[in-house]
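Right, one structure below, let's go through it.
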Amino acid sequence: MTTSTTPSKRGKRYTPDSHSFPTRPYDLFKEMVIAGVILLLLALALAAGFGSLDEKAITLQDWAKAAPFDVVATATGELAGTTSSAGYGPPYNNASDGQKLGPLSLQKWGGVRIPVDSAQDLVLTPLESGAPDAATKDALAAWKAAAADQQTAWATAYGDALAATPDGDPTTVAKGDYGPVPVMASSFLTLANSGGLEQLISPNSYGGDRTKQLLLLSDGSYLEDQARARSLGGDQWGMMNEAGNYPGQVWLGMMTFWYQIPALGGSDNGDALVWGATVIIVLAFLFLPFLPGLRAIPEKIPVYKLVWRDYYRRQKNKK
Amino acid sequence: MAGTHILAEGAGNYLNFGIFHISVTNALIMGAMIVMFILAVVIPFPHHDADDEGSR
Amino acid sequence: MSAREDTAAEVVSPSRTSWTAWARYRITHTVPEGQWLPDRQPAYVASWIYVFGMATLVSLFIVIGSGVVLAIGGSEWWHTSNVGHYVNSVHLWSVEIFFAVMAIHLWGKFWMAAWRGGRALTWMTGMVALLAAVGTGFTGYLSQTNFDSQWIGAQAKDGLNSVGLGAWFNALNPAAALTLHIVVLPLAVGVIVIMHIILVRRHGVVPPIGAEEPTP
């Protein structure tokens with residue numbers, strides 16, 4: 001039965017009820033099964049052909065073996081309070097207020113809910129509980145006996161001295177007043193090399209929480225060096241990438257894009273600004289049906305005429 | 001196995017233009033998606049006019 | 001009245017006293033009669049672009065199915081088992097397929113302005129499903145227990161911490177990421193997808209732009 005149409009009396013924006021239109025048979029379950037078979041075979045074939053990447057996690061021992069000077073510098077930095085985690089702010093500590101999104105101190109409002117004392121948790125506790133030798137015991141005692149200002153002065157001086165050497169080698173450090181820090185940092189490296197550091201840092205060695213190990217590793221430069229070599233850095237579109245030629249996360253493109261703009265990616269509040277930009281895009285997508293201008297784009301650029309060309313041709317023939 | 005697995009991968013192949021630094025794999029995926037969209041909209045969908053009936 | 005006569009009594013308006021009768025009314029009137037699983041569809045639905053909604057749903061089933069196999073093996077199974085590694089590869093590629101077909105489905109719905117005719121909520125639940133899926137994918141990457149998850153966690157924590165979310169979700173805790181990935185977020189995605197599909201069945205497929213009311 002053919003039908004003609006009458007002009008709508010309810011205005012240009014009225015969309016008729018879809019259930020009043022002529023229909024034809026269509027088998028949804030058949031469509032589901034056919035699509036299922038095709039897509040399953042595609043997934044199985046892609047998996048067989050290209051596989052997936054599995055690079056082993058970097059242990060603290062791996063780090064010590066591959067980049068011992070980085071370990072020494074990082075341990076020194078934890079004691080000096082100059083590492084990323086030491087000065088992070090919430091959720092780990094109150095060393096800073098953290099990032100702001102315009103006037104909003106969102107990072108601070110989150111609160112210190114994952115407390116980490118970088119010097120104590122990441123360096124001193126493992127050294128103390130790791131069966132320290134006599135020299136280390138003496139060094140720890142000297143550290144504990146000193147005032148906080150003295151501790152900071154020693155560790156900062158040693159950190160600066162390490163940075164002044166050609167490649168961070170502790171044996172080439174200039175003479176200076178570093179207190180017990182060189183011995184502590186050296187013992188820390190020995191502990192890391194032995195493989196015991198991983199266990200001594202973690203409060204629950206049987207659980208899965210790796211916060212402290214990862215904060216320590218991230219405080220060094222080795223982890224980031226490995227990532228940047230694989231083009232996974234934030235300013236390398238890293239959020240979207242995978243190492244090698246493996247597929248990445250294309251769907252994160254609209255967020256990682258903002259990190260590539262120096263004004264955002266290089267800003268002290270960069271992460272918060274990127275979140276802000278992404279939220280604006282997400283809200284625009286979410287509320288698109290209500291946004292004049294944006295919601296009119298499909299009518300202005302008539303891709304729909306291709307989709308429904310069959311329908312429009314029939315309507316034209318009827319008239 | 002410690003130590004032997006690190007640096008197993010480097011960066012893959014990339015396309016660079018302006019601030020864009022897109023992996024070849026990702027670019028191929030995006031290209032395939034655009035091609036699929038165009039084909040989906042352009043290729044005729046099979047149906048028989050005789051099936052059409054009034055609404056139910 | 002017999003039990004059969006009783007429960008079959010047609011509820012013509014939402015009950016004011018019985019919560020059960022009220023729920024029965026709401027559920028049975030959510031979708032027009034015969035439209036829960038129709039075997040006919042409007043004649044204007046005649047384009048390959050329409051298969052991408054079903055493709056998204058079906059690829060989601062494949063993602064979940066391969067995920068269930070990985071869950072049975074445990075989070076570290078795939079590191080040492082060849083079969084486990086292959087299942088992980090299937091999971092990865094089915095996720096890539098899922099996001100690809102979902103994006104094409106979104107493009108199609110955009111160019112058809114499919115939010116017309118009271119379908120704004122359909123569009124919005126679709127967007128929320130996409131966001132939930134991105135979150136699910138993110139926790140999946142954190143659960144890999146390998147170098148990739150270490151780096152992603154180390155990076156993502158800065159983003160999450162900067163807006164205060166990191167205080168509530170610890171990107172450096174793979175055990176927490178895993179439970180979010182296999183329980184909480186799939187449930188959220190599932191509920192949102194079901195709402196989305198119910199809305200599609202309720203309103204029907206959007207008529208063409210400029211279509212006029214057919215006369216009987």
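Here, A, B, ... name the chains of the structure tokens in the order displayed, residue numbers run from 1 inside each chain, and ligands are numbered from 1 in the same displayed order.
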
Expected answer as a ChimeraX atom specification: helix (DSSP H, G or I) residues in stretch 96-158 of chain C: /C:96-111,120-142,147-158

Contact set, chain C to chain B: 12 Å, only C-alpha atoms, as a PyMOL selection string: chain C and resi 32-35+38-52+93+96-109+111-112+146-148+213-216

Minimum-distance residue to A:Ser186, chosen among A:Ser52, A:Gln99, A:Ser118, A:Thr171 (using only C-alpha atoms):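 Nearest candidate to A:Ser186 out of A:Ser52, A:Gln99, A:Ser118, A:Thr171: A:Thr171.
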
Select from chain A every residue with an atom at most 10 Å from any atom of chain B, then for each give the shortest pair of atoms and their distance in Å to one decimal, using only C-alpha atoms, rows by chain and rising number, as a tab-separated table.
residue	atom	partner	partner_atom	distance
A:Met1	CA	B:Glu53	CA	5.6
A:Thr2	CA	B:Gly54	CA	7.3
A:Thr3	CA	B:Gly54	CA	7.9
A:Ser18	CA	B:Ser55	CA	9.5
A:His19	CA	B:Ser55	CA	6.9
A:Ser20	CA	B:Ser55	CA	5.6
A:Phe21	CA	B:Ser55	CA	5.4
A:Pro22	CA	B:Ser55	CA	4.4
A:Thr23	CA	B:Ser55	CA	5.6
A:Arg24	CA	B:Asp52	CA	4.8
A:Pro25	CA	B:Asp51	CA	6.8
A:Tyr26	CA	B:His47	CA	9.8
A:Leu53	CA	B:Glu9	CA	9.1
A:Asp54	CA	B:Ala8	CA	9.8
A:Glu55	CA	B:His5	CA	6.9
A:Lys56	CA	B:His5	CA	6.5
A:Ala57	CA	B:Ile6	CA	8.7
A:Ile58	CA	B:Ile6	CA	7.7
A:Thr59	CA	B:Ala2	CA	8.6
A:Gln61	CA	B:Ala2	CA	8.3
A:Asp62	CA	B:Gly3	CA	5.9
A:Trp63	CA	B:Gly3	CA	8.9
A:Lys65	CA	B:Gly3	CA	7.7
A:Ala66	CA	B:Gly3	CA	7.6
A:Gln226	CA	B:Leu7	CA	7.4
A:Ala227	CA	B:Gly10	CA	9.0
A:Arg228	CA	B:Ala11	CA	8.3
A:Ala229	CA	B:Gly10	CA	5.9
A:Arg230	CA	B:Ala11	CA	3.9
A:Ser231	CA	B:Ala11	CA	5.4
A:Leu232	CA	B:Ala11	CA	8.2
A:Asp235	CA	B:Ile19	CA	9.5
A:Gln236	CA	B:His21	CA	6.8
A:Trp237	CA	B:His21	CA	6.6
A:Gly238	CA	B:His21	CA	9.4
A:Met240	CA	B:Asn26	CA	8.3
A:Asn241	CA	B:Ser23	CA	7.0
A:Glu242	CA	B:Ala11	CA	8.2
A:Ala243	CA	B:Ala11	CA	5.4
A:Gly244	CA	B:Gly12	CA	4.0
A:Asn245	CA	B:Gly12	CA	4.6
A:Tyr246	CA	B:Thr25	CA	6.7
A:Pro247	CA	B:Thr25	CA	5.6
A:Gly248	CA	B:Asn26	CA	6.4
A:Gln249	CA	B:Asn26	CA	8.0
A:Val250	CA	B:Asn26	CA	6.4
A:Trp251	CA	B:Met30	CA	9.9
A:Gly253	CA	B:Ile22	CA	9.8
A:Phe257	CA	B:Phe20	CA	8.4
A:Gln260	CA	B:Ile19	CA	6.7
A:Ile261	CA	B:Ile19	CA	8.0
A:Val303	CA	B:Val41	CA	8.2
A:Tyr304	CA	B:Val41	CA	8.7
A:Lys305	CA	B:Val41	CA	9.6
A:Leu306	CA	B:Val41	CA	6.2
A:Val307	CA	B:Val41	CA	5.5
A:Trp308	CA	B:Val41	CA	9.2
A:Arg309	CA	B:Pro44	CA	9.5
A:Asp310	CA	B:Pro44	CA	8.8

Interatomic distance, atom CA of C:Arg26 to atom CA of C:His196 (Å, one decimal):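 We find that atom CA of C:Arg26 and atom CA of C:His196 lie 16.7 Å from each other.
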
Closest of C:Ala188, C:Val206, C:Ala132, C:Ala177 to chain A - atom-to-atom distances counting only C-alpha atoms: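 For chain A, the nearest of the given residues is C:Val206.
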
Selected residue of minimal separation from A:Pro182 among A:Leu291, A:Gln213, A:Val72, A:Met239, counting only C-alpha atoms: A:Val72

Neighbour list for C:Leu160 as a PyMOL selection string, cut-off 10 Å, only C-alpha atoms, skip fewer than 2 positions in-chain: (chain A and resi 107+271-272+275) or (chain C and resi 155-158+162-171)

Closest of C:Leu172, C:Ile72, C:Ile27, C:Leu131 to chain A - atom-to-atom distances counting only C-alpha atoms: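 So, comparing all the options, the nearest one is C:Leu172.
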
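Closest to chain A among C:Gly65, C:Gly53, C:Gly159, C:Gly126 is C:Gly159, based on only C-alpha atoms.
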
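If you count only C-alpha atoms and ignore residues fewer than 3 places along the chain from stretch 129-141 of chain A, what sits within 7 Å of it is Thr125, Pro126, Lys144, Ala145, Pro180, Val183, Met184, Ser187 and Leu200 of chain A.
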
Mind writing the picked residues with C-alpha atoms as a CSV table (one decimal), in the first residue's frame?
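As written to disk, again_4.csv reads:
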chain,number,residue,atom,x,y,z
A,125,THR,CA,62.2,2.5,56.1
A,126,PRO,CA,63.7,0.0,53.5
A,144,LYS,CA,68.3,10.6,62.7
A,145,ALA,CA,70.3,12.6,65.3
A,180,PRO,CA,75.8,10.3,56.1
A,183,VAL,CA,76.7,6.0,52.6
A,184,MET,CA,72.9,5.9,52.7
A,187,SER,CA,73.5,1.2,50.6
A,200,LEU,CA,60.7,-3.6,51.9

Which of C:Val69, C:Ile64, C:Leu178, C:Ala55 sits closest to chain A [using only C-alpha atoms]: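 Counting only C-alpha atoms, the residue closest to chain A is C:Ala55.
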
Selection: 7 Å around stretch 202-212 of chain A, only C-alpha atoms, excl. self and same-chain fewer than 5 positions, as a list of chain:residue names: A:Leu122, C:Leu172, C:Asn173, C:Pro174, C:Ala175

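In this model, the gap between atom CA of C:Leu92 and atom CA of C:Ser66 comes to 9.2 Å.
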